[in-house]
Each structure stands twice: as structure tokens, then as C-alpha cells.
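First the structure, in the form of C-alpha cells, and then the observations on it.
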Amino acid sequence: MNSDVLVIGGGIAGIEAATNLYLLGYSVTLVEQESELGGHVAQWNKLFPNYKNAHQIIQTLLQQLPGDITILRSTKIIHLSEKDRLFSVNLSNNSTITTKTILIATGYDLFDARLKEEYGYKIYDNVITSAELESLLRQNKPILTKQGKEPSRIGFVHCVGSRDRKINNLYCSKVCCVTAVKQAIEIRQKLPFCEAYCFYMDLRMYGLNFEELYNESQEKYGVTFIRGRLSEASETIDGKLILKVEDTLLGRPLKMTIDMLVLMVGMVPSKGTNFLIKELGLHINNGHFIASNDEHLRANHTNKHGIFVAGSASSPKTIDDTLADARSAAMAIHQFFKNSKL
Amino acid sequence: MKFHWFVVPFSAGLIFLILYLIILYTKWIVKLPKSDKKILSGTVFSSKIFNIVWEIFSEALLHIRIFRKNVLLGYMHSSFAFGWFLLIVTGAIETQLFASKPINHLYEPIFFKFFNTTAPNNSLHKAFAFLMDLWLLYVLSGIFLALSKRFYSRIMGLKKTTQLYWTDQIALISLWLIFPLRLLAESSTTATYQNGSFLTNTAGIYLEQHFNISNMSIYLWWAYSIDLLIFFGLLPFSRYMHIPTEIVLIALRHAGFKTKNEINSFSQIEIHSCSSCGICIDACQLQSVTNRNNMVPTYLFQKERYGKVLKPDLYNCLFCGRCEEACPVNISIINIKLARRKERLLKSKQNYQYLSKIQPTSTTTEILYFAGCMSHLTPSITRSMIKIFEHLNISYYFLDKDDTICCGRPLMLAGKIQDAQKLIEKNTDLIKASKAKIMITSCPICYKIFNEEYNLPVKVMHHSQWLSESLTDCNKLKLNQSAKTAVYHDPCDLGRGSNIYDEPRNVLKQLLNVIDKKAIQKEKSLCCGGSLADFYLNENDRVKIARNAYVQLINDEDYLITSCPLCKKTFQKVADKPVLDIAEIIVYNLS
């Protein structure tokens, strides 16, 4: 099988880039390890800041995806090699693709919250991740503690696995702050008698309508924000959680008992991204993601000729940033073909 | 009287050296802490003297500890020390026996062949001439090895060797030249008189045939003597100061001196006993993994002696103790570094008012459980311990369950001794208020300070010790054996720091297949990189150290098991297999 571009990863970055590359006139193969396209966004319910349905985004992107593109689902990359500026890629379905360029859109994995053991994820009954809460909301399941009770107090811990020297991830994952605000509002809407507390270092409400959402969460929904990092959580005999936090605005330690703790897990390079970094000898940046050749001018180029990157394989990105980055990657590959006259 | 002007440089050098050392050592011994000095006189007339003599022989001369590290390296070090010693002793006896006049000058044994030109004519004399040549050959072979070590240290088991300070380099060259010059000078005389043995006679004949060496004889003796002057003159100001100082160190150490809270003249003796052999370089993970040099003892002591010790040299250190373990002179490196840290931070600036709010609870349980702050950050460990207590129906009191007070060791490691003391006092009050007999802690960091700095009426046990005891004690704990494989990682503070190696292994052996990795276990265990003692190491380098250690520990085993919450947390960041505390694996296997 031959193609001009092999897109690895069928999340929103891969789909958007593949569509645009096809429109520019290139033959495109899209490889996805899961049985369905859509990646992480397909797992999400409502999107910040306007509660748009995540499913709608995926649907629209898939509708735009041209039928002439070869899509290989449930397929993994086994091995890549290069000869005379052509890449030959062995796949898990025993076929081999020969391609002139590769676009890496392998994205991120959620941070493994077990590494912050002091928060008690998978140790205490009522500690869940933001992704698990979103999944409950998506399936419209009742939000209950393990003991089967409706919680009367829920805490959201920001920056779990992001901006944390202790686990060597210094970068901001960009989406967690505003997701916590969104989820806290949803909790208040769904469980009007449940208090919601956000524990944050500082709130990064940089996007359009983010600040409005944050204001609304306090003014309309009464979400409480406490500036201070959770130092440790412990469990009481009836499954409640005791949090030890330093309230850095009041300058004093704080102890609080809550029923449920939601960890706002950040992004780390996905297993697939790490595999390709190793396999292709790609440089990595300070966040351990794939390094851009030049963060301003050649953001989609890697250190390897003919290998490009799009989406959150190079750094944490929001959906809007990812889609823009995917289109930018398509243009970068277009330029590459024009310049090298392949 | 046998005399030639060329003996003057040697004699002057030797007299200078002896006087200098006498003055310096007297000064140091006078300055030793008064309380410790009493033990000195007691030592001289005790059986300790035999131990001292034996250790001086085995370590200052034979270098047995270096032999254990690497045979070639040991041979190299011993050839210089023991070989030269034999030359001096045999030479002195030879002079007594065979010199034509009974007066034995200071220099005559050194220049024996020049002054005594009659060829050996009886078998005893021949035997002495033979021995002298043999010892010279022994030293020369060492020089050959030393030279090869500078170019290719790996043959002697060293990946890296010390980069020398300039005085050390000149002293090194003068030392290396002594013995070839001696060979040449003696050969130039034996060429005429045949008064040597297998080495000098043969060399004499050969060199006479090709270079007419006997014509240069007097210049060679001059060169030999001047070179000795240079070496003796430089010795007190170079790393070779370790030769005489190590002897003093061995004696004082046996007498009971050690470096503890401050740098005193005993510490100076320790510092000057460092031979810059470089064995600590490879032991240091900061060196081998992150390519830092300044904290490696061989370089730190170089700075102590010739330059200025800077803050990072002291504070950028894991305090893992691997260098101390590797040190063939057994210098108490960690205590010296710690004492230097303490010098910098004497005054307490923190506010400890909160301590007074924590009131002691009088309890009646026999067992106290002190989890420690790190264990509070790894709740799976504390929960496992609680499960085990409940399983055994043991009543215990969880001392630091809510109002956790730090054990004080992190402050101690920072050199903040006064601050640490406040916590130690408070914790001691809390512990004393209980009627407990045993206090179990889950943290080796706490365990070490409880044992070393606290004066407690309870027996302090790390949980691995207590678990091991509960297992052997009339089979209190019943466990299932699993077919899984595991590697045990010795935490620095529990292993090298507290000498607990067997108890955790006794426990694990009853649970699963424990795979040995001898090269990096027990005393040679690697640091996980999480150390609380290092104030300069960035997270990236900590991860590098952890990864480097992890890949050496785990190949295809199922678990990495440790008994320190900090090691556990650190390894988890880089591990692809479960990293568990010994208490957790017990809970997995409770029957």
C-alpha cells in the first residue's frame, strides 16, 4: 500500500488533518488503534465553556471526512523504517504501508492518578478522576458514593499531574481548570444540595468565556474556591474523606471532611506517542511530549525529515487548539511537498 | 664517615618532613575535644594496640579493602605502600649487617649501593641484595600499573579516576620518578662493582653496554636524591599526606574518636587521610547518572584541603552513603558533610508555636505506631499496617494519625540542628506519655533518627523488623506462598543507614520468589534518587537516577518491593511493574 501521508491516530487532530490533506490533493491513510475514531473527545459529555455536546463535534468531523481516505481501525503500528526518504510502516494487520510523510496525531493519556498516592485514588472508595465523573454525566448515571449515598460535599483537586515538581510534570494541562469549573456547576445543577469545593493553585481562565463561566459558578451556583494545594487525604471509617489543605489566602492549615473527591487529571504523552518517540528517535520537549522544530515557525515539524506532529502529541491542547493545529499541520505537509517536489 | 654532597637534598627533605608532621600532628592532637582525649591514654596500654597495629599493617600497607574491590587496584596500591616499606626495612637491616662502619647514617640505607661497593660475597648478603632488587621490582610493577590506570582505568575496575590538583600532579610525578631513578642510580654503580642482584646487576650490564651509564653515575644519584627532596617537600601539601595521616587516623579511630556534630581536628585527620584513590567516583550516582563532580568525596576533600567548599558541594548530595561504603579508608564522609552543613545553619528561624497545642495522650497499649509523614503520603502502606494489626488482634495506638509531627530528620539533614531538636523534644514527650514498650514506624528515615538522636524508653522497630519477628514468633502471621517473583530494594536509611538487611528478606522469602541482584543490593544498594538530603537536585535528574536504578533492579520480575515510602513513591514514577512496600505484599498474601 502506498500513500503520500500516513496519519497515525484517529482522534480529532488526525481526522481534521486527514480531511484537509485530502482536500489539498494528497493520498492519505489514517491508522487508529481503537475500533472507533474520535479519541478522547468521543469519551466526553459536554464541552467547556458553552456545554456543547462532544458527540456533535465528532459527528461533524466524521461527516466531513472524505470517503476516499483509507481508514484502518483497530490497527497498531508495529515497526517503522526509512529508506531513500520513504517510510515503510509495518502494521498489526500484517500489511505494510509505504509513505512519503508521516503525521503523528497520537495525542495524550490521562495522568495516572495513582502516582499521587497521597490523594488516595484506587485506595479510598470515594476518590474518582475527572474523566470518570464525566463518564457518569455522559451516561446520565446517578452520582453516588461507594456506600450508595448522595454526596453532600464534593471536592475538586486542580492540577493533578500538572504543574507538579514532585512528579516532574511542570507544564499546565490547559483544560483542567475550566473543566473543574464546568463539572462543579454540573454537580450543583444535578445535586442542588451538594456543596462543591475547588482546591486550586491559581485559576487559568485564559480562553474566551472561561472567566464568565468561573464568575457564574460562584455567583449563580455557589461553588467555593479555596486557594491551596491538597497535601494529603485520609479516609474515615464510613468512607468519608478528610482533606488536609493549606488555605494560602487565609494563611492557615485547613481540615475538611467531604464525601467525594474528584481529581482533575492532566495530560501526559500517550503510550503511542512515547512508542513513536522511541521508534523514530524524536526529540522531546520539557513536558516529555514531541518537540517542535521551532515552536513559533515550525510548530508541526519534528527533528526528523518528513515526520510531522499535530494536536496534543506535542503539548496539552484544548479542542479548538487541536483542530487549528491539525489544519496547520496539513499546510506544513503541503509546503513540504511543494518545496521538495516529490 | 661515608658522605657525599648529594645526600644533602634527601636528608634535608626527610628532616623537614618529620619536623613538619610532628608539629602538625601535635597541634591536631592537642586540639582534639577535651572529653575525648581521656580515652587516648587508656588506649595506649590496652589490647586495642594490637588491633591498631594489625589495621595499620593490613590497610595502610597491604590495602586489603582495595584488594577486595579489585585485585589489580589493590596490588597497585600495596606495591607502593608495602613495597616501599619493605625496601626501607630491608635496607635498614642490610645497612646494619653489611655496612663497613658501625655508624648507621640517616641516609646510608637509601644510598647503600653507592657507599658499599663490595659485591656480596656470602649467601646472607646475596639474599639481602636479592630481596632489595625484588622489592624494587615490586614497586616498579606498581608504577607501571599506576601509569596504565591513568590511560585506561577500567582494567582496575574504575570507570573514572580522580582529576588531580596541580600540587598532586607534581607530587605524583616525583613519586613515580623515585623508583626508576633508584634503579638507574643503582645500576650505574653495579655496572662497575657488580654489587647488586638479579635486577640491578643485569640492568647495569645492559645500560653500560648501550649507554655507558657508569659515567653518569653521580648525576643519577643526585637526581635520585633531589627527587626524594621534591616528594618529601610536597608530601604535606599534596594528597600523599594520607600516607602518614592514615596511620594516625587508624590509631585514633580504634581509640574511639569519631566525627559527629562538628568538624574538629579528628575530622581534619579524616579529611587528610583521603588518598584521592577515586573509588568513590563510580559509587556516586550523582556522578555516574547526572555527571556532577563537586559532591564526590575525592573532590570535596580536595577542596577542603586546597580550596573553598561551596554550598552546592555540601547540599547537592543524596546522603545515600554509597561513597562511605566504598571508601577503603572508611572515612565518615556523611558525618563530615553533615557537620559542615550544621556549621552553616546554627540559628533557628522557624516558628514552632503549633507544637504547644499538641497534647500528649496517655495510652495503655503496648504498641505505638508512628507512620511518619512520608507514609501519610503513601496511604496504602499505613492501611496495610493497620490491616495487619487488626488481623493479629493487636491493640495499638496510632501516634501520628492526625496531628503529625515530623521526626526531625529532614531538618537535621538540612543542618538545622536546633529546629530538629524542638521536634525531637516534642515527640519524645508524646512517646513518653504512652505506656508502650514498642514503637513501630513505617519509615526508615524516622527509624534512623529515632535510634540515633532520641533517647526513648521504648524499643523502636521498623515495620519490617516487627513483621519478621511476628512471622517467626510462634507463627503469628499465616501467609500464602505465591509463585510470583520479586526483587527487594534496600532503602539507604534502612540498609546502609541502619544495617537492616535480613529482616525484610526473611519476610519476603515466605511470600514469593525473591530474586537476588547482588551487585546492587545490601551494602551496595542504589539510591532511588528521592532523597530528602539533596537541596539542589532537580526533578529531571531525580527521575534519571530512579530510572537508572529501576532498570538495573527489574528485568522480568513481577514486583519491586521496598520498605520505604519515599523509595516506593520515587520508583513508581518510572516503574512498569508494581512497586510495593513489604507491608502491602503481606496484606496481599494474608491467609
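In the C-alpha cells, chains take the letters A, B, ... in the order shown, each chain's residues start at 1, and ligands count up from 1 in the order shown.
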Enumerate the residues of range 397-538 of chain B with a DSSP assignment of strand (DSSP E), computed from the backbone, and present them as a VMD selection string. chain B and resid 397 to 398 438 to 441 459 to 462 485 to 488 513 to 515
Give me the residues near Gln418 in chain B as a ChimeraX atom specification, where near means some atom within 10 Å (using only C-alpha atoms) and where sequence neighbours in that chain fewer than 5 positions away do not count. /B:342,345-350,408,411-412,423-424
Write out as a tab-separated table (two decimals) with N, CA and C atoms, in the first residue's frame the residues lying within 9 Å of Glu584 in chain B, counting only C-alpha atoms and excluding same-chain residues fewer than 4 positions away.
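Wrote result_26.tsv, looks like this:
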chain	number	residue	atom	x	y	z
B	380	SER	N	-1.45	3.55	51.14
B	380	SER	CA	-1.55	2.09	51.00
B	380	SER	C	-0.67	1.39	52.02
B	381	ILE	N	0.42	2.05	52.42
B	381	ILE	CA	1.32	1.43	53.41
B	381	ILE	C	0.68	1.47	54.80
B	382	THR	N	0.21	2.64	55.21
B	382	THR	CA	-0.37	2.74	56.55
B	382	THR	C	-1.61	1.85	56.66
B	383	ARG	N	-2.40	1.82	55.59
B	383	ARG	CA	-3.60	0.96	55.64
B	383	ARG	C	-3.23	-0.51	55.76
B	384	SER	N	-2.15	-0.89	55.07
B	384	SER	CA	-1.72	-2.29	55.17
B	384	SER	C	-1.29	-2.61	56.58
B	385	MET	N	-0.56	-1.68	57.21
B	385	MET	CA	-0.11	-1.93	58.57
B	385	MET	C	-1.31	-2.07	59.51
B	580	LEU	N	5.87	-2.10	45.53
B	580	LEU	CA	5.09	-2.30	46.75
B	580	LEU	C	5.97	-2.23	47.98
B	588	TYR	N	-1.47	-8.66	50.71
B	588	TYR	CA	-1.88	-9.42	49.52
B	588	TYR	C	-1.90	-10.93	49.81
B	589	ASN	N	-0.99	-11.35	50.70
B	589	ASN	CA	-0.79	-12.79	50.91
B	589	ASN	C	-1.32	-13.30	52.24
Residues near range 137-154 of chain A, cut-off 7 Å, only C-alpha atoms, skip fewer than 3 positions along chain, as a ChimeraX atom specification: /A:44-45,125-126,133-134,193-197,258-261
Dump as an mmCIF file, in the first residue's frame, selection limited to C-alpha atoms:
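Output (selection_13.cif):
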data_model
loop_
_atom_site.group_PDB
_atom_site.id
_atom_site.type_symbol
_atom_site.label_atom_id
_atom_site.label_comp_id
_atom_site.auth_asym_id
_atom_site.auth_seq_id
_atom_site.Cartn_x
_atom_site.Cartn_y
_atom_site.Cartn_z
ATOM 1 C CA TRP A 44 -16.510 13.331 26.839
ATOM 2 C CA ASN A 45 -20.009 14.641 27.545
ATOM 3 C CA ASP A 125 -13.543 4.351 47.952
ATOM 4 C CA ASN A 126 -14.731 7.805 47.008
ATOM 5 C CA LEU A 133 -17.100 11.886 36.625
ATOM 6 C CA GLU A 134 -17.580 12.977 33.007
ATOM 7 C CA PHE A 193 -27.942 20.168 47.984
ATOM 8 C CA CYS A 194 -24.362 19.128 47.380
ATOM 9 C CA GLU A 195 -21.632 21.661 48.127
ATOM 10 C CA ALA A 196 -18.762 21.899 45.634
ATOM 11 C CA TYR A 197 -15.239 22.984 46.563
ATOM 12 C CA ILE A 258 -16.030 15.600 52.273
ATOM 13 C CA ASP A 259 -17.945 12.734 50.675
ATOM 14 C CA MET A 260 -16.308 12.559 47.296
ATOM 15 C CA LEU A 261 -13.088 13.790 45.759
#
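For Asn264 in chain B, the residues within 7 Å (counting only C-alpha atoms, excluding itself and residues fewer than 3 positions away along the chain) are B:Leu32, B:Ser267, B:Gln268.
Put simply, CA of His105 in chain B is 16.0 Å away from CA of Ile18 in chain B.
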What parts of range 63-206 of chain A does DSSP call alpha helix (DSSP H)? I'd like the answer as a VMD selection string. chain A and resid 63 to 64 130 to 138 176 to 190
With only C-alpha atoms as the basis for distance, which of A:Asn215, A:Gln183, A:Thr60, A:Ser95 is at the shortest distance from Phe48 in chain A? A:Gln183
Within 9 Å of chain B, which residues of chain A show up when using only C-alpha atoms, listed as a PyMOL selection string? chain A and resi 115-120+123-124+165-169+231-234
Using only C-alpha atoms, please write the residues we just selected to a file, as an mmCIF file, in the first residue's frame.
data_model
loop_
_atom_site.group_PDB
_atom_site.id
_atom_site.type_symbol
_atom_site.label_atom_id
_atom_site.label_comp_id
_atom_site.auth_asym_id
_atom_site.auth_seq_id
_atom_site.Cartn_x
_atom_site.Cartn_y
_atom_site.Cartn_z
ATOM 1 C CA LEU A 115 1.121 8.230 41.277
ATOM 2 C CA LYS A 116 -0.235 10.899 43.627
ATOM 3 C CA GLU A 117 -0.851 8.196 46.194
ATOM 4 C CA GLU A 118 -1.454 10.784 48.934
ATOM 5 C CA TYR A 119 -4.770 11.611 47.222
ATOM 6 C CA GLY A 120 -5.841 8.001 47.617
ATOM 7 C CA ILE A 123 -7.091 3.261 47.649
ATOM 8 C CA TYR A 124 -10.036 5.179 49.086
ATOM 9 C CA ARG A 165 7.577 19.329 40.578
ATOM 10 C CA LYS A 166 7.243 16.208 42.649
ATOM 11 C CA ILE A 167 6.146 14.130 39.700
ATOM 12 C CA ASN A 168 8.334 16.088 37.282
ATOM 13 C CA ASN A 169 5.491 17.488 35.162
ATOM 14 C CA SER A 231 -1.396 17.890 50.844
ATOM 15 C CA GLU A 232 -2.970 14.591 51.763
ATOM 16 C CA ALA A 233 -6.314 12.841 52.081
ATOM 17 C CA SER A 234 -7.289 10.163 54.546
#
Distance query Glu108 in chain B at most 12 Å, only C-alpha atoms, self and fewer than 2 positions along chain excluded, as a CSV table (one decimal) with N, CA and C atoms, in the first residue's frame:
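selection_30.csv, freshly written:
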chain,number,residue,atom,x,y,z
B,1,MET,N,83.9,8.4,57.8
B,1,MET,CA,82.4,8.7,57.5
B,1,MET,C,82.1,8.7,56.1
B,2,LYS,N,81.0,8.0,55.8
B,2,LYS,CA,80.6,7.9,54.4
B,2,LYS,C,79.8,9.2,54.1
B,3,PHE,N,80.2,10.0,53.1
B,3,PHE,CA,79.5,11.2,52.8
B,3,PHE,C,79.7,11.6,51.4
B,4,HIS,N,78.7,12.1,50.8
B,4,HIS,CA,78.8,12.8,49.5
B,4,HIS,C,77.8,13.9,49.5
B,6,PHE,N,75.7,14.8,47.6
B,6,PHE,CA,74.3,14.5,47.0
B,6,PHE,C,73.3,14.0,48.1
B,7,VAL,N,73.8,13.6,49.2
B,7,VAL,CA,72.8,13.1,50.2
B,7,VAL,C,72.1,14.3,50.9
B,8,VAL,N,72.6,15.5,50.7
B,8,VAL,CA,72.0,16.6,51.4
B,8,VAL,C,70.6,16.9,51.1
B,10,PHE,N,68.2,14.9,50.0
B,10,PHE,CA,67.4,13.8,50.7
B,10,PHE,C,67.2,14.1,52.2
B,11,SER,N,68.4,14.3,52.8
B,11,SER,CA,68.4,14.4,54.3
B,11,SER,C,67.6,15.6,54.7
B,88,ILE,N,62.5,0.0,52.7
B,88,ILE,CA,63.1,0.8,53.8
B,88,ILE,C,63.6,-0.2,54.9
B,91,GLY,N,66.4,-2.5,53.8
B,91,GLY,CA,67.5,-1.6,53.6
B,91,GLY,C,68.2,-1.3,54.9
B,92,ALA,N,67.4,-1.0,55.9
B,92,ALA,CA,67.9,-0.6,57.2
B,92,ALA,C,68.7,-1.8,57.8
B,93,ILE,N,68.0,-3.0,57.7
B,93,ILE,CA,68.7,-4.2,58.3
B,93,ILE,C,70.0,-4.5,57.5
B,94,GLU,N,69.9,-4.4,56.2
B,94,GLU,CA,71.1,-4.6,55.3
B,94,GLU,C,72.2,-3.7,55.7
B,95,THR,N,71.9,-2.4,56.0
B,95,THR,CA,72.9,-1.5,56.4
B,95,THR,C,73.5,-1.9,57.7
B,96,GLN,N,72.7,-2.3,58.6
B,96,GLN,CA,73.2,-2.7,60.0
B,96,GLN,C,74.1,-3.9,59.8
B,98,PHE,N,75.7,-5.1,56.9
B,98,PHE,CA,76.8,-5.2,56.0
B,98,PHE,C,77.6,-3.9,55.8
B,99,ALA,N,77.2,-2.8,56.4
B,99,ALA,CA,77.9,-1.6,56.2
B,99,ALA,C,79.3,-1.8,56.8
B,100,SER,N,80.3,-1.1,56.2
B,100,SER,CA,81.6,-1.4,56.7
B,100,SER,C,81.9,-0.7,58.1
B,101,LYS,N,81.2,0.4,58.3
B,101,LYS,CA,81.4,1.0,59.7
B,101,LYS,C,80.1,0.9,60.5
B,102,PRO,N,80.2,0.8,61.8
B,102,PRO,CA,79.0,0.5,62.6
B,102,PRO,C,78.1,1.7,62.6
B,103,ILE,N,78.6,2.9,62.3
B,103,ILE,CA,77.7,4.1,62.4
B,103,ILE,C,76.7,4.0,61.2
B,104,ASN,N,75.4,4.0,61.6
B,104,ASN,CA,74.4,4.0,60.5
B,104,ASN,C,73.8,5.4,60.3
B,105,HIS,N,74.2,6.0,59.2
B,105,HIS,CA,73.7,7.3,59.0
B,105,HIS,C,72.2,7.3,58.6
B,106,LEU,N,71.6,8.4,58.7
B,106,LEU,CA,70.2,8.6,58.3
B,106,LEU,C,70.0,8.2,56.8
B,110,ILE,N,69.5,4.4,52.2
B,110,ILE,CA,68.9,4.9,50.9
B,110,ILE,C,69.9,4.8,49.8
B,111,PHE,N,71.1,5.1,50.1
B,111,PHE,CA,72.2,5.2,49.1
B,111,PHE,C,73.2,4.0,49.3
B,112,PHE,N,72.7,2.9,49.8
B,112,PHE,CA,73.6,1.8,50.3
B,112,PHE,C,74.6,1.4,49.2
B,113,LYS,N,74.1,1.2,48.0
B,113,LYS,CA,74.9,0.6,46.9
B,113,LYS,C,76.0,1.6,46.5
B,114,PHE,N,75.8,2.9,46.7
B,114,PHE,CA,76.8,3.9,46.4
B,114,PHE,C,77.9,3.8,47.4
B,115,PHE,N,77.6,3.7,48.6
B,115,PHE,CA,78.6,3.7,49.7
B,115,PHE,C,79.2,2.4,49.9
B,116,ASN,N,78.6,1.3,49.6
B,116,ASN,CA,79.1,0.0,49.9
B,116,ASN,C,79.3,-0.8,48.6
B,225,SER,N,68.3,11.7,44.7
B,225,SER,CA,68.2,12.4,46.0
B,225,SER,C,67.3,13.7,45.9
Do you know which residues are at most 10 Å from range 222-224 of chain A counting only C-alpha atoms, after dropping those on the same chain fewer than 2 positions away, and could you put them as a PyMOL selection string? chain A and resi 155+181+184-185+187-188+194-199+214-220+226-227
Let's have the selection written as a PDB file, in the first residue's frame, with C-alpha atoms.
ATOM      1  CA  GLY A 155     -14.091  18.451  46.329  1.00  0.00           C
ATOM      2  CA  VAL A 181     -15.463  24.838  36.971  1.00  0.00           C
ATOM      3  CA  ALA A 184     -18.653  21.796  39.623  1.00  0.00           C
ATOM      4  CA  ILE A 185     -21.539  23.678  38.008  1.00  0.00           C
ATOM      5  CA  ILE A 187     -22.768  18.878  40.095  1.00  0.00           C
ATOM      6  CA  ARG A 188     -24.593  21.865  41.547  1.00  0.00           C
ATOM      7  CA  CYS A 194     -24.362  19.128  47.380  1.00  0.00           C
ATOM      8  CA  GLU A 195     -21.632  21.661  48.127  1.00  0.00           C
ATOM      9  CA  ALA A 196     -18.762  21.899  45.634  1.00  0.00           C
ATOM     10  CA  TYR A 197     -15.239  22.984  46.563  1.00  0.00           C
ATOM     11  CA  CYS A 198     -12.364  23.596  44.172  1.00  0.00           C
ATOM     12  CA  PHE A 199      -8.803  23.392  45.530  1.00  0.00           C
ATOM     13  CA  TYR A 214     -15.897  30.979  36.548  1.00  0.00           C
ATOM     14  CA  ASN A 215     -17.870  34.005  37.734  1.00  0.00           C
ATOM     15  CA  GLU A 216     -21.136  32.238  37.042  1.00  0.00           C
ATOM     16  CA  SER A 217     -20.004  29.192  39.023  1.00  0.00           C
ATOM     17  CA  GLN A 218     -19.628  31.366  42.105  1.00  0.00           C
ATOM     18  CA  GLU A 219     -22.455  33.852  41.624  1.00  0.00           C
ATOM     19  CA  LYS A 220     -25.119  31.549  40.281  1.00  0.00           C
ATOM     20  CA  ILE A 226     -10.043  27.526  48.094  1.00  0.00           C
ATOM     21  CA  ARG A 227      -6.541  28.505  47.061  1.00  0.00           C
TER      22      ARG A 227
END
Using only C-alpha atoms, find the one residue out of A:Ala18, A:Gly25, A:Glu82, A:Ser35 that sits nearest to Leu62 in chain A. A:Ala18
One-decimal distance in Å that lies between CA of Tyr352 in chain B and CA of Asp247 in chain A: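 Spanning CA of Asp247 in chain A to CA of Tyr352 in chain B is a straight-line distance of 18.8 Å.
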Which residues of range 24-90 of chain A have any atom within 12 Å of an atom in range 271-275 of chain A when counting only C-alpha atoms, and what is the closest pair of atoms for each, with the distance in Å to one decimal? Order the rows by chain and rising number and write it as CSV.
residue,atom,partner,partner_atom,distance
A:Val31,CA,A:Gly272,CA,11.7
A:Glu32,CA,A:Gly272,CA,10.5
A:Gln33,CA,A:Gly272,CA,9.2
A:Glu34,CA,A:Gly272,CA,11.8
A:Thr75,CA,A:Gly272,CA,11.9
A:Lys76,CA,A:Gly272,CA,9.0
A:Ile77,CA,A:Gly272,CA,8.8
A:Ile78,CA,A:Phe275,CA,9.6
A:His79,CA,A:Phe275,CA,9.8
A:Leu80,CA,A:Phe275,CA,10.7
Go through A:Val265, A:Leu208, A:Val89, A:Leu72 and flag the residue nearest Ala113 in chain A, using only C-alpha atoms for the distances.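 Smallest distance to Ala113 in chain A is found for A:Val265.
Between Thr19 in chain A and the candidates A:Ala180, A:Ile290, A:Met201, A:Ile69, the tightest atom-to-atom separation, counting only C-alpha atoms, involves A:Ile69.
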Given only C-alpha atoms as the basis, pick out the residue of B:Trp135, B:Ala185, B:Asn201, B:Ile230 nearest to Ala119 in chain B.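 Checking each candidate against Ala119 in chain B, we get B:Asn201 as the closest.
The space separating CA of Leu254 in chain A from CA of Asp238 in chain A comes to 20.9 Å.
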Top pick for closest residue to Ala146 in chain B, considering B:His77, B:Lys437, B:Lys308, B:Lys422 and counting only C-alpha atoms: B:His77
